[in-house]
file coords_2.cif (mmCIF, C-alpha atoms)
data_target
#
loop_
_atom_site.group_PDB
_atom_site.id
_atom_site.type_symbol
_atom_site.label_atom_id
_atom_site.label_comp_id
_atom_site.auth_asym_id
_atom_site.auth_seq_id
_atom_site.Cartn_x
_atom_site.Cartn_y
_atom_site.Cartn_z
ATOM 1 C CA MET A 1 -7.686 11.992 -25.301
ATOM 2 C CA GLN A 2 -9.628 15.042 -26.464
ATOM 3 C CA ILE A 3 -7.818 18.347 -26.952
ATOM 4 C CA ARG A 4 -9.563 21.238 -28.727
ATOM 5 C CA SER A 5 -7.221 23.693 -30.417
ATOM 6 C CA THR A 6 -7.978 27.315 -31.302
ATOM 7 C CA PRO A 7 -5.302 29.383 -33.029
ATOM 8 C CA HIS A 8 -4.808 32.930 -31.763
ATOM 9 C CA SER A 9 -2.430 35.506 -33.152
ATOM 10 C CA GLY A 10 1.007 34.376 -32.037
ATOM 11 C CA ALA A 11 -0.223 31.518 -29.845
ATOM 12 C CA MET A 12 -2.206 28.280 -29.854
ATOM 13 C CA LEU A 13 -4.905 27.751 -27.248
ATOM 14 C CA LEU A 14 -5.459 24.098 -26.314
ATOM 15 C CA GLU A 15 -8.417 23.037 -24.214
ATOM 16 C CA VAL A 16 -7.990 19.660 -22.518
ATOM 17 C CA ALA A 17 -11.494 18.167 -22.771
ATOM 18 C CA GLU A 18 -10.736 15.292 -20.393
ATOM 19 C CA PRO A 19 -11.733 15.079 -16.731
ATOM 20 C CA ARG A 20 -8.562 13.172 -15.807
ATOM 21 C CA ILE A 21 -4.859 13.301 -16.618
ATOM 22 C CA ASP A 22 -3.915 10.039 -14.926
ATOM 23 C CA ALA A 23 -1.614 7.071 -15.501
ATOM 24 C CA VAL A 24 -3.889 5.763 -18.262
ATOM 25 C CA VAL A 25 -3.617 8.879 -20.475
ATOM 26 C CA ALA A 26 -0.194 10.130 -19.290
ATOM 27 C CA ILE A 27 1.783 7.858 -21.627
ATOM 28 C CA ARG A 28 0.609 9.558 -24.825
ATOM 29 C CA PHE A 29 -0.266 12.978 -23.454
ATOM 30 C CA LYS A 30 2.825 14.801 -24.739
ATOM 31 C CA GLU A 31 2.298 13.547 -28.302
ATOM 32 C CA HIS A 32 -1.361 14.621 -28.168
ATOM 33 C CA VAL A 33 -0.321 18.104 -27.021
ATOM 34 C CA ARG A 34 2.384 18.367 -29.690
ATOM 35 C CA ASP A 35 -0.040 17.239 -32.436
ATOM 36 C CA ALA A 36 -2.775 19.621 -31.252
ATOM 37 C CA ALA A 37 -0.281 22.491 -30.999
ATOM 38 C CA GLY A 38 0.600 22.133 -34.705
ATOM 39 C CA PRO A 39 3.796 23.414 -36.292
ATOM 40 C CA GLY A 40 3.681 26.791 -34.579
ATOM 41 C CA PRO A 41 5.353 29.127 -33.980
ATOM 42 C CA GLY A 42 4.470 30.755 -30.662
ATOM 43 C CA PRO A 43 3.517 29.773 -27.119
ATOM 44 C CA VAL A 44 1.041 26.996 -26.360
ATOM 45 C CA ILE A 45 -1.635 27.840 -23.795
ATOM 46 C CA LEU A 46 -3.090 24.759 -22.102
ATOM 47 C CA ASP A 47 -6.551 25.345 -20.609
ATOM 48 C CA LEU A 48 -6.961 22.880 -17.720
ATOM 49 C CA SER A 49 -10.376 24.041 -16.465
ATOM 50 C CA ALA A 50 -12.117 20.788 -17.487
ATOM 51 C CA VAL A 51 -9.523 18.604 -15.744
ATOM 52 C CA ARG A 52 -10.789 17.597 -12.289
ATOM 53 C CA PHE A 53 -8.044 15.109 -11.443
ATOM 54 C CA ILE A 54 -4.324 14.893 -11.996
ATOM 55 C CA ASP A 55 -1.859 12.517 -10.353
ATOM 56 C CA SER A 56 1.946 12.386 -10.350
ATOM 57 C CA SER A 57 2.018 10.593 -13.699
ATOM 58 C CA GLY A 58 -0.204 13.333 -15.174
ATOM 59 C CA LEU A 59 2.085 15.961 -13.700
ATOM 60 C CA GLY A 60 5.057 14.185 -15.297
ATOM 61 C CA ALA A 61 3.127 14.222 -18.583
ATOM 62 C CA LEU A 62 2.758 18.031 -18.368
ATOM 63 C CA VAL A 63 6.533 18.328 -17.862
ATOM 64 C CA ALA A 64 7.155 15.922 -20.751
ATOM 65 C CA ALA A 65 4.858 17.988 -23.007
ATOM 66 C CA MET A 66 6.704 21.190 -22.055
ATOM 67 C CA LYS A 67 10.063 19.568 -22.853
ATOM 68 C CA LEU A 68 8.805 18.110 -26.146
ATOM 69 C CA LEU A 69 7.525 21.529 -27.291
ATOM 70 C CA GLY A 70 10.948 23.008 -26.476
ATOM 71 C CA PRO A 71 12.075 26.533 -25.629
ATOM 72 C CA GLU A 72 10.688 28.023 -28.867
ATOM 73 C CA ARG A 73 7.147 27.100 -27.850
ATOM 74 C CA PRO A 74 6.707 27.762 -24.116
ATOM 75 C CA LEU A 75 3.848 25.879 -22.477
ATOM 76 C CA ILE A 76 1.585 28.127 -20.410
ATOM 77 C CA LEU A 77 -1.051 26.610 -18.101
ATOM 78 C CA CYS A 78 -4.335 28.334 -17.406
ATOM 79 C CA GLN A 79 -7.296 28.074 -15.049
ATOM 80 C CA PRO A 80 -6.427 24.855 -13.236
ATOM 81 C CA SER A 81 -9.325 23.535 -11.116
ATOM 82 C CA GLU A 82 -8.722 23.428 -7.345
ATOM 83 C CA PRO A 83 -7.642 19.739 -7.219
ATOM 84 C CA VAL A 84 -5.151 20.355 -10.056
ATOM 85 C CA ALA A 85 -3.865 23.600 -8.515
ATOM 86 C CA LYS A 86 -3.341 21.733 -5.232
ATOM 87 C CA VAL A 87 -1.135 19.099 -6.870
ATOM 88 C CA LEU A 88 0.892 21.850 -8.610
ATOM 89 C CA ARG A 89 1.281 23.598 -5.227
ATOM 90 C CA LEU A 90 2.220 20.516 -3.183
ATOM 91 C CA THR A 91 4.905 19.487 -5.688
ATOM 92 C CA ARG A 92 6.145 23.097 -6.075
ATOM 93 C CA MET A 93 5.591 22.799 -9.821
ATOM 94 C CA GLU A 94 3.767 26.135 -9.705
ATOM 95 C CA SER A 95 7.318 27.562 -9.656
ATOM 96 C CA VAL A 96 8.194 25.732 -12.867
ATOM 97 C CA PHE A 97 5.103 26.453 -14.989
ATOM 98 C CA THR A 98 3.714 29.823 -15.941
ATOM 99 C CA ILE A 99 0.094 29.695 -14.731
ATOM 100 C CA HIS A 100 -2.669 32.179 -15.572
ATOM 101 C CA SER A 101 -6.189 32.400 -14.185
ATOM 102 C CA SER A 102 -7.852 32.568 -17.629
ATOM 103 C CA PRO A 103 -7.021 32.113 -21.343
ATOM 104 C CA GLN A 104 -7.580 35.882 -21.773
ATOM 105 C CA ASP A 105 -4.956 36.658 -19.115
ATOM 106 C CA ALA A 106 -2.560 34.182 -20.706
ATOM 107 C CA LEU A 107 -3.015 35.761 -24.149
ATOM 108 C CA ALA A 108 -2.720 39.293 -22.734
ATOM 109 C CA GLY A 109 0.546 38.308 -21.065
ATOM 110 C CA LEU A 110 2.228 37.312 -24.321
ATOM 111 C CA PRO A 111 5.002 39.469 -25.757
ATOM 112 C CA GLY A 112 3.540 41.841 -28.319
ATOM 113 C CA ALA A 113 -0.018 41.630 -26.906
ATOM 114 C CA ALA A 114 -1.880 44.925 -26.806
ATOM 115 C CA MET B 1 -20.786 3.728 8.377
ATOM 116 C CA GLY B 2 -19.299 0.718 6.649
ATOM 117 C CA CYS B 3 -15.860 0.259 5.145
ATOM 118 C CA LEU B 4 -15.012 0.073 1.487
ATOM 119 C CA ARG B 5 -13.320 -3.224 0.618
ATOM 120 C CA LEU B 6 -11.914 -3.715 -2.852
ATOM 121 C CA CYS B 7 -9.974 -6.453 -4.542
ATOM 122 C CA LEU B 8 -8.543 -5.325 -7.858
ATOM 123 C CA ALA B 9 -6.487 -6.771 -10.680
ATOM 124 C CA PRO B 10 -2.969 -5.286 -10.863
ATOM 125 C CA HIS B 11 -3.278 -3.232 -14.043
ATOM 126 C CA PRO B 12 -3.885 0.484 -14.815
ATOM 127 C CA GLY B 13 -7.430 0.035 -16.142
ATOM 128 C CA ALA B 14 -8.460 -1.717 -12.930
ATOM 129 C CA VAL B 15 -6.922 1.151 -10.900
ATOM 130 C CA ARG B 16 -9.118 3.639 -12.778
ATOM 131 C CA GLU B 17 -12.206 1.491 -12.105
ATOM 132 C CA ALA B 18 -11.293 1.143 -8.429
ATOM 133 C CA LEU B 19 -10.908 4.931 -8.127
ATOM 134 C CA ALA B 20 -14.373 5.412 -9.693
ATOM 135 C CA ILE B 21 -15.826 3.019 -7.083
ATOM 136 C CA LEU B 22 -13.906 4.901 -4.369
ATOM 137 C CA ARG B 23 -15.325 8.267 -5.551
ATOM 138 C CA ALA B 24 -18.883 6.892 -5.487
ATOM 139 C CA TRP B 25 -18.314 5.519 -1.971
ATOM 140 C CA LEU B 26 -16.748 8.768 -0.736
ATOM 141 C CA ALA B 27 -19.736 10.726 -2.077
ATOM 142 C CA GLY B 28 -21.944 8.804 0.332
ATOM 143 C CA ILE B 29 -20.003 9.448 3.533
ATOM 144 C CA ASP B 30 -19.618 12.553 5.647
ATOM 145 C CA VAL B 31 -16.187 13.930 4.711
ATOM 146 C CA PRO B 32 -15.291 17.350 3.225
ATOM 147 C CA ALA B 33 -14.854 17.604 -0.557
ATOM 148 C CA GLU B 34 -11.159 18.379 -0.096
ATOM 149 C CA ALA B 35 -10.664 15.136 1.841
ATOM 150 C CA ARG B 36 -12.418 13.178 -0.924
ATOM 151 C CA ASP B 37 -10.085 14.634 -3.579
ATOM 152 C CA CYS B 38 -7.121 13.955 -1.334
ATOM 153 C CA CYS B 39 -8.161 10.326 -0.767
ATOM 154 C CA GLU B 40 -8.581 9.738 -4.494
ATOM 155 C CA LEU B 41 -5.150 11.244 -5.224
ATOM 156 C CA VAL B 42 -3.324 9.288 -2.519
ATOM 157 C CA LEU B 43 -4.911 6.002 -3.573
ATOM 158 C CA ALA B 44 -4.147 6.729 -7.240
ATOM 159 C CA GLU B 45 -0.487 7.175 -6.302
ATOM 160 C CA LEU B 46 -0.340 4.081 -4.084
ATOM 161 C CA LEU B 47 -2.212 1.808 -6.501
ATOM 162 C CA ASN B 48 -0.186 3.012 -9.513
ATOM 163 C CA ASN B 49 2.994 2.314 -7.562
ATOM 164 C CA VAL B 50 1.868 -1.219 -6.784
ATOM 165 C CA VAL B 51 0.963 -1.860 -10.431
ATOM 166 C CA GLU B 52 4.177 -0.321 -11.810
ATOM 167 C CA HIS B 53 6.791 -1.349 -9.262
ATOM 168 C CA ALA B 54 5.574 -4.157 -6.954
ATOM 169 C CA ARG B 55 3.904 -5.876 -9.946
ATOM 170 C CA PRO B 56 2.000 -8.545 -8.020
ATOM 171 C CA ALA B 57 0.639 -11.579 -9.833
ATOM 172 C CA SER B 58 -2.436 -11.663 -7.591
ATOM 173 C CA PRO B 59 -5.162 -9.105 -6.830
ATOM 174 C CA VAL B 60 -4.413 -6.019 -4.721
ATOM 175 C CA ARG B 61 -6.525 -5.633 -1.572
ATOM 176 C CA LEU B 62 -7.730 -2.293 -0.300
ATOM 177 C CA ILE B 63 -9.757 -1.258 2.739
ATOM 178 C CA VAL B 64 -10.872 2.319 3.413
ATOM 179 C CA ALA B 65 -12.575 2.910 6.747
ATOM 180 C CA PRO B 66 -14.144 6.148 8.020
ATOM 181 C CA GLY B 67 -12.577 7.108 11.344
ATOM 182 C CA ALA B 68 -13.347 9.642 14.055
ATOM 183 C CA GLY B 69 -13.581 13.328 13.103
ATOM 184 C CA GLY B 70 -13.737 12.780 9.344
ATOM 185 C CA ARG B 71 -10.478 10.828 9.138
ATOM 186 C CA LEU B 72 -10.063 8.034 6.635
ATOM 187 C CA CYS B 73 -8.002 4.965 7.538
ATOM 188 C CA ILE B 74 -6.501 3.002 4.674
ATOM 189 C CA VAL B 75 -4.936 -0.454 4.493
ATOM 190 C CA LEU B 76 -3.461 -1.632 1.211
ATOM 191 C CA SER B 77 -1.785 -4.982 0.630
ATOM 192 C CA ASP B 78 -0.259 -6.764 -2.337
ATOM 193 C CA GLY B 79 1.778 -9.891 -3.015
ATOM 194 C CA GLY B 80 4.312 -8.157 -5.279
ATOM 195 C CA ARG B 81 7.977 -7.305 -4.889
ATOM 196 C CA PRO B 82 9.006 -5.683 -1.602
ATOM 197 C CA MET B 83 9.883 -2.001 -1.340
ATOM 198 C CA PRO B 84 13.606 -1.452 -1.988
ATOM 199 C CA GLY B 85 15.428 -1.695 1.362
ATOM 200 C CA LEU B 86 12.131 -2.751 2.971
ATOM 201 C CA ARG B 87 11.317 0.862 3.683
ATOM 202 C CA LEU B 88 9.096 3.621 2.351
ATOM 203 C CA PRO B 89 10.576 5.758 -0.440
ATOM 204 C CA PRO B 90 11.735 9.179 0.824
ATOM 205 C CA PRO B 91 9.460 12.229 0.989
ATOM 206 C CA HIS B 92 11.809 14.616 -0.846
ATOM 207 C CA LEU B 93 10.633 16.304 -4.007
ATOM 208 C CA PRO B 94 12.922 15.962 -7.028
ATOM 209 C CA ALA B 95 15.218 18.951 -7.650
ATOM 210 C CA LEU B 96 13.477 21.628 -9.706
ATOM 211 C CA ASN B 97 16.340 24.156 -9.934
ATOM 212 C CA VAL B 98 17.653 22.561 -13.122
ATOM 213 C CA ALA B 99 17.603 23.429 -16.825
ATOM 214 C CA ALA B 100 14.144 23.133 -18.413
ATOM 215 C CA SER B 101 15.352 20.217 -20.543
ATOM 216 C CA ALA B 102 16.409 18.340 -17.391
ATOM 217 C CA LEU B 103 13.191 18.821 -15.380
ATOM 218 C CA PRO B 104 11.991 15.603 -13.714
ATOM 219 C CA GLU B 105 9.041 13.762 -15.254
ATOM 220 C CA GLY B 106 8.616 11.506 -12.238
ATOM 221 C CA GLY B 107 9.370 11.202 -8.554
ATOM 222 C CA PHE B 108 6.371 13.268 -7.410
ATOM 223 C CA GLY B 109 4.198 10.397 -6.188
ATOM 224 C CA TRP B 110 5.714 9.531 -2.815
ATOM 225 C CA PRO B 111 6.310 13.196 -1.875
ATOM 226 C CA LEU B 112 2.583 13.791 -2.506
ATOM 227 C CA VAL B 113 1.622 10.788 -0.359
ATOM 228 C CA HIS B 114 3.972 11.895 2.461
ATOM 229 C CA ARG B 115 2.476 15.404 2.374
ATOM 230 C CA LEU B 116 -1.145 14.270 2.429
ATOM 231 C CA ALA B 117 -1.089 11.252 4.739
ATOM 232 C CA THR B 118 -0.313 10.872 8.409
ATOM 233 C CA ARG B 119 0.805 7.752 10.277
ATOM 234 C CA LEU B 120 2.158 6.242 7.075
ATOM 235 C CA ARG B 121 3.580 2.775 7.799
ATOM 236 C CA TYR B 122 5.044 0.044 5.622
ATOM 237 C CA ARG B 123 5.600 -3.559 6.560
ATOM 238 C CA ARG B 124 6.613 -6.683 4.671
ATOM 239 C CA HIS B 125 4.853 -9.644 6.229
ATOM 240 C CA ARG B 126 4.577 -13.219 4.963
ATOM 241 C CA GLY B 127 5.447 -12.302 1.387
ATOM 242 C CA ARG B 128 3.060 -9.361 1.175
ATOM 243 C CA ASN B 129 3.486 -5.588 1.252
ATOM 244 C CA TRP B 130 1.286 -3.831 3.810
ATOM 245 C CA LEU B 131 0.715 -0.089 3.816
ATOM 246 C CA CYS B 132 -1.333 1.600 6.527
ATOM 247 C CA LEU B 133 -2.086 5.305 6.618
ATOM 248 C CA VAL B 134 -4.529 7.873 7.891
ATOM 249 C CA LEU B 135 -5.869 10.807 5.911
ATOM 250 C CA PRO B 136 -6.842 13.791 8.042
ATOM 251 C CA PRO B 137 -10.110 15.591 7.119
ATOM 252 C CA ARG B 138 -8.080 18.598 6.022
ATOM 253 C CA ALA B 139 -4.621 17.803 4.710
ATOM 254 C CA ALA B 140 -2.052 20.233 6.089
ATOM 255 C CA PRO B 141 0.578 20.968 3.447
ATOM 256 C CA ALA B 142 3.308 20.711 6.067
ATOM 257 C CA GLU B 143 6.852 19.673 5.316
ATOM 258 C CA PRO B 144 7.148 15.904 5.562
ATOM 259 C CA GLY B 145 9.145 14.802 8.570
ATOM 260 C CA ALA B 146 7.799 17.719 10.623
ATOM 261 C CA ARG B 147 5.135 15.464 12.103
#
call {"tool": "encode", "arguments": {"input": "coords_2.cif", "output": "structure tokens"}}
result
Amino acid sequence: MQIRSTPHSGAMLLEVAEPRIDAVVAIRFKEHVRDAAGPGPGPVILDLSAVRFIDSSGLGALVAAMKLLGPERPLILCQPSEPVAKVLRLTRMESVFTIHSSPQDALAGLPGAA
Amino acid sequence: MGCLRLCLAPHPGAVREALAILRAWLAGIDVPAEARDCCELVLAELLNNVVEHARPASPVRLIVAPGAGGRLCIVLSDGGRPMPGLRLPPPHLPALNVAASALPEGGFGWPLVHRLATRLRYRRHRGRNWLCLVLPPRAAPAEPGAR
């Protein structure tokens, strides 16, 4: 599981460098996200543009990661590919996650951003 | 156009390999990209369910056949435990209007399958589970049960 992390002021940007979030990687996904997010503080922006496939176990892993990070570190999703966006839509999870079309939009939407 | 016939060991690594074979096969037939993604997702859900819940001791058998108008017909069978109550799990999504700490981490698989497939049928016959379904060329995100 490859996740690239780039700190920004007040937030951590994580880029999932994996084409699939499936049953094979779902089990340890939340720990990978927590480790890549570091001690914080601030929101965690998860860039999903490289992910071409997600199934229900991967979706559950996103929820698990959000819960593990807790309310102090909201998980924000950005630029999901069309197959990933479709799964979020069909399961109505687009109403649960905050989703932005780009990392720039996600960063601009943070409290205190210029 | 020929069918895809696969026989796979009931474990997660074999499911991933089977889905890679499926993708390569789908790339060679005349179906829209959206239908290919949909087929991969539905089979990921069904095969993961077999591996996690039916837990057969013998290989899982899968046939995918191109049908008229870009449809894909799927037959999946396994020698594992029967579905609870000998029926398909319900199509309802888990409740999402709950506290963030109580959000569901599972229960999305069958709702996805019900939304994407048509003519979904389950049968227990001679100690095996049989699932038959059809994937339309363009999956309508209609409410399950409306068909």
call {"tool": "closest_residue", "arguments": {"input": "coords_2.cif", "among": "A:Arg52, A:Arg34, A:Ser5, A:Pro43", "to": "Ile21 (chain A)", "atoms": "only C-alpha atoms"}}
result
A:Arg52
call {"tool": "interface_residues", "arguments": {"input": "coords_2.cif", "of": "chain B", "to": "chain A", "cutoff": "8 Å", "atoms": "all atoms listed in the file", "output": "list of chain:residue names"}}
result
B:Pro12, B:Gly13, B:Arg16, B:Asp37, B:Leu41, B:Ala44, B:Glu45, B:Asn48, B:Leu93, B:Leu96, B:Ala100, B:Ser101, B:Leu103, B:Pro104, B:Glu105, B:Gly106, B:Gly107, B:Phe108, B:Gly109, B:Pro111, B:Leu112, B:Arg115, B:Pro141
call {"tool": "write_last_selection", "arguments": {"input": "coords_2.cif", "atoms": "C-alpha atoms", "output": "compact mmCIF listing (two decimals), in the coordinates of the input"}}
result
# COMPACT_ATOMS: atom_id res chain seq x y z
CA PRO B 12 -3.88 0.48 -14.82
CA GLY B 13 -7.43 0.04 -16.14
CA ARG B 16 -9.12 3.64 -12.78
CA ASP B 37 -10.09 14.63 -3.58
CA LEU B 41 -5.15 11.24 -5.22
CA ALA B 44 -4.15 6.73 -7.24
CA GLU B 45 -0.49 7.18 -6.30
CA ASN B 48 -0.19 3.01 -9.51
CA LEU B 93 10.63 16.30 -4.01
CA LEU B 96 13.48 21.63 -9.71
CA ALA B 100 14.14 23.13 -18.41
CA SER B 101 15.35 20.22 -20.54
CA LEU B 103 13.19 18.82 -15.38
CA PRO B 104 11.99 15.60 -13.71
CA GLU B 105 9.04 13.76 -15.25
CA GLY B 106 8.62 11.51 -12.24
CA GLY B 107 9.37 11.20 -8.55
CA PHE B 108 6.37 13.27 -7.41
CA GLY B 109 4.20 10.40 -6.19
CA PRO B 111 6.31 13.20 -1.88
CA LEU B 112 2.58 13.79 -2.51
CA ARG B 115 2.48 15.40 2.37
CA PRO B 141 0.58 20.97 3.45
call {"tool": "residues_around", "arguments": {"input": "coords_2.cif", "residues": "region 65-80 of chain B", "least_positions_apart": "3", "cutoff": "6 Å", "atoms": "all atoms listed in the file", "output": "list in words"}}
result
Cys3, Val31, Ala54, Arg55, Pro56, Val60, Arg61, Leu62, Arg128, Asn129, Trp130, Leu131, Cys132, Leu133, Val134, Leu135, Pro136 and Pro137 of chain B
call {"tool": "write_last_selection", "arguments": {"input": "coords_2.cif", "atoms": "C-alpha atoms", "output": "CSV table (one decimal), keeping the file's coordinate frame"}}
result
chain,number,residue,atom,x,y,z
B,3,CYS,CA,-15.9,0.3,5.1
B,31,VAL,CA,-16.2,13.9,4.7
B,54,ALA,CA,5.6,-4.2,-7.0
B,55,ARG,CA,3.9,-5.9,-9.9
B,56,PRO,CA,2.0,-8.5,-8.0
B,60,VAL,CA,-4.4,-6.0,-4.7
B,61,ARG,CA,-6.5,-5.6,-1.6
B,62,LEU,CA,-7.7,-2.3,-0.3
B,128,ARG,CA,3.1,-9.4,1.2
B,129,ASN,CA,3.5,-5.6,1.3
B,130,TRP,CA,1.3,-3.8,3.8
B,131,LEU,CA,0.7,-0.1,3.8
B,132,CYS,CA,-1.3,1.6,6.5
B,133,LEU,CA,-2.1,5.3,6.6
B,134,VAL,CA,-4.5,7.9,7.9
B,135,LEU,CA,-5.9,10.8,5.9
B,136,PRO,CA,-6.8,13.8,8.0
B,137,PRO,CA,-10.1,15.6,7.1
call {"tool": "atom_distance", "arguments": {"input": "coords_2.cif", "atom1": "CA of Glu34 (chain B)", "atom2": "CA of Val64 (chain B)"}}
result
16.4 Å
call {"tool": "atom_distance", "arguments": {"input": "coords_2.cif", "atom1": "CA of Gln104 (chain A)", "atom2": "CA of Cys78 (chain A)"}}
result
9.3 Å
call {"tool": "atom_distance", "arguments": {"input": "coords_2.cif", "atom1": "CA of Cys38 (chain B)", "atom2": "CA of Leu120 (chain B)"}}
result
14.7 Å
call {"tool": "resolve_selection", "arguments": {"input": "coords_2.cif", "expression": "the PyMOL selection byres ((chain A and resi 51) around 7)", "output": "ChimeraX atom specification"}}
result
/A:18-20,48-50,52-53,81
call {"tool": "residues_around", "arguments": {"input": "coords_2.cif", "residues": "region 6-9 of chain A", "least_positions_apart": "4", "cutoff": "10 Å", "atoms": "all atoms listed in the file", "output": "NGL selection string"}}
result
:A and (13-15 or 36-38 or 40 or 42 or 44-45 or 107 or 112-113)
call {"tool": "closest_residue", "arguments": {"input": "coords_2.cif", "among": "B:Asn97, B:Ser58, B:Thr118, B:Asn49", "to": "Ala9 (chain B)", "atoms": "all atoms listed in the file"}}
result
B:Ser58
